[in-house]
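Worksheet: one structure, shown below.
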Amino acid sequence: MAGFRIGRGRDNNRSPQQPPQQQQSYGQQQQPPPYGQPPYPPAGGPPPQQQWPQPGAGGHGEPEYFDPYGQQQPHAQQPPYGHGGHGGGGGYNDNPGHTQVFAVGEDPYGQGATYQAGAASAVPSGPRLPWKELLRGIVTRPGQTFLQMRDYAVWGPALIVTFLYGLLAVFGLDDAREDVINATVPKAVPIVLSAGVAFVICGLILGAVTHTLARQLGGDGSWQPTVGLSMLVMSITDAPRLLFAVFLGGDNMVVQVLGWATWVAAGALFTSLISKSHDLPWAKALGASSIQLVALLSIIKLGTI
């Protein structure tokens, strides 16, 4: 037993290479290892640096605002919205637990077009037509003309054409024509001018009523093109009957036939106008223009027919 020596205060089981452990001083607590790191650093290596788990690396990442040990590291540059990210998605900020920062007024999810009642559409259907092509297009190709001019106001041609139509409409009515012919020039001029103004006001009111009915039926057109184009349709369609009525009188059979034919043509043009300007089916478009058609028949055509 001589080879064994019992010492006091020594640990014989510890190898000589292992340094003695330092006793932790009072008041200092050993901090736990960072999240996701092994409890002890590898021997002889530098101290490990804290790394947050990256999304898509096989684990559940913690939110960017979650820092359990108060040692939050600065974040790396994140990919922009819609590029990169987990599984071909929308990027790092689209993953659960992360937030997305947007600038004031920025809408990365798409700019939805909001309809405003009575406002013209953002992209017109075509360039503005000159007044000659506009008048010719209403007769020769009405559908394309109404679609192309649905976003443009046509006040100039509408007011001028309707006023001229009102001046001639006096001579198309038998009683009014007799009064104008038998009156002197100073008295006839105010009658003719007042008739032109009255037809302009009548066209404005009837066009506004047609536009209101179209909007009530679900139309989305603006009021200025609708009213202006309706005034042009009212004047142009009744022009053939009016020309014959000035020379033949309203009781002539040819004038009566032309009156009914032009009234049917006006109904077709009004239906096409409301359908193209307000994106309505033909049945609703005809219903929206029905009041104006009845008014034209009772005020203008029935007086001669």
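How things are named: the first chain in the structure tokens is A, the next is B, and so on; residues count from 1 in each chain; ligands count from 1 in the order shown.
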
- Message: If we count only C-alpha atoms and set the cut-off at 10 Å, which residues sit around A:Leu159, ignoring sequence neighbours fewer than 2 positions away in its own chain? Please answer as an MDAnalysis selection string.
- Response: chainID A and resid 154:157 161:165 196:197 199:201 203:204 228 231:232

- Could you state the separation of atom CA of A:Thr184 and atom CA of A:Pro240 in Å, given to one decimal place? 28.0 Å

Stretch 165-205 of chain A residues near stretch 280-301 of chain A within 10 Å, closest pair each, using only C-alpha atoms, as JSON lines:
```
{"residue": "A:Ala169", "atom": "CA", "partner": "A:Ile300", "partner_atom": "CA", "distance": 8.4}
{"residue": "A:Gly172", "atom": "CA", "partner": "A:Ile300", "partner_atom": "CA", "distance": 9.1}
{"residue": "A:Leu173", "atom": "CA", "partner": "A:Ile300", "partner_atom": "CA", "distance": 8.3}
{"residue": "A:Cys202", "atom": "CA", "partner": "A:Ala295", "partner_atom": "CA", "distance": 9.6}
{"residue": "A:Gly203", "atom": "CA", "partner": "A:Gln292", "partner_atom": "CA", "distance": 9.1}
{"residue": "A:Ile205", "atom": "CA", "partner": "A:Gln292", "partner_atom": "CA", "distance": 9.3}
```

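Straight-line separation from atom CA of A:His278 to atom CA of A:Ala214: 7.0 Å.
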
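Each of A:Pro190, A:Gly207, A:Pro225, A:Gly218 was checked against A:Gln148 using only C-alpha atoms; the smallest atom-to-atom distance is that of A:Pro225.
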
- Task: Find the residues around A:Thr226 up to 12 Å (only C-alpha atoms counted), leave out those fewer than 4 positions away in its own chain, and share them as a VMD selection string.
- Result: chain A and resid 118 120 146 to 147 149 to 155 158 203 to 215 219 to 222 230 to 233 270 to 278 288 to 289
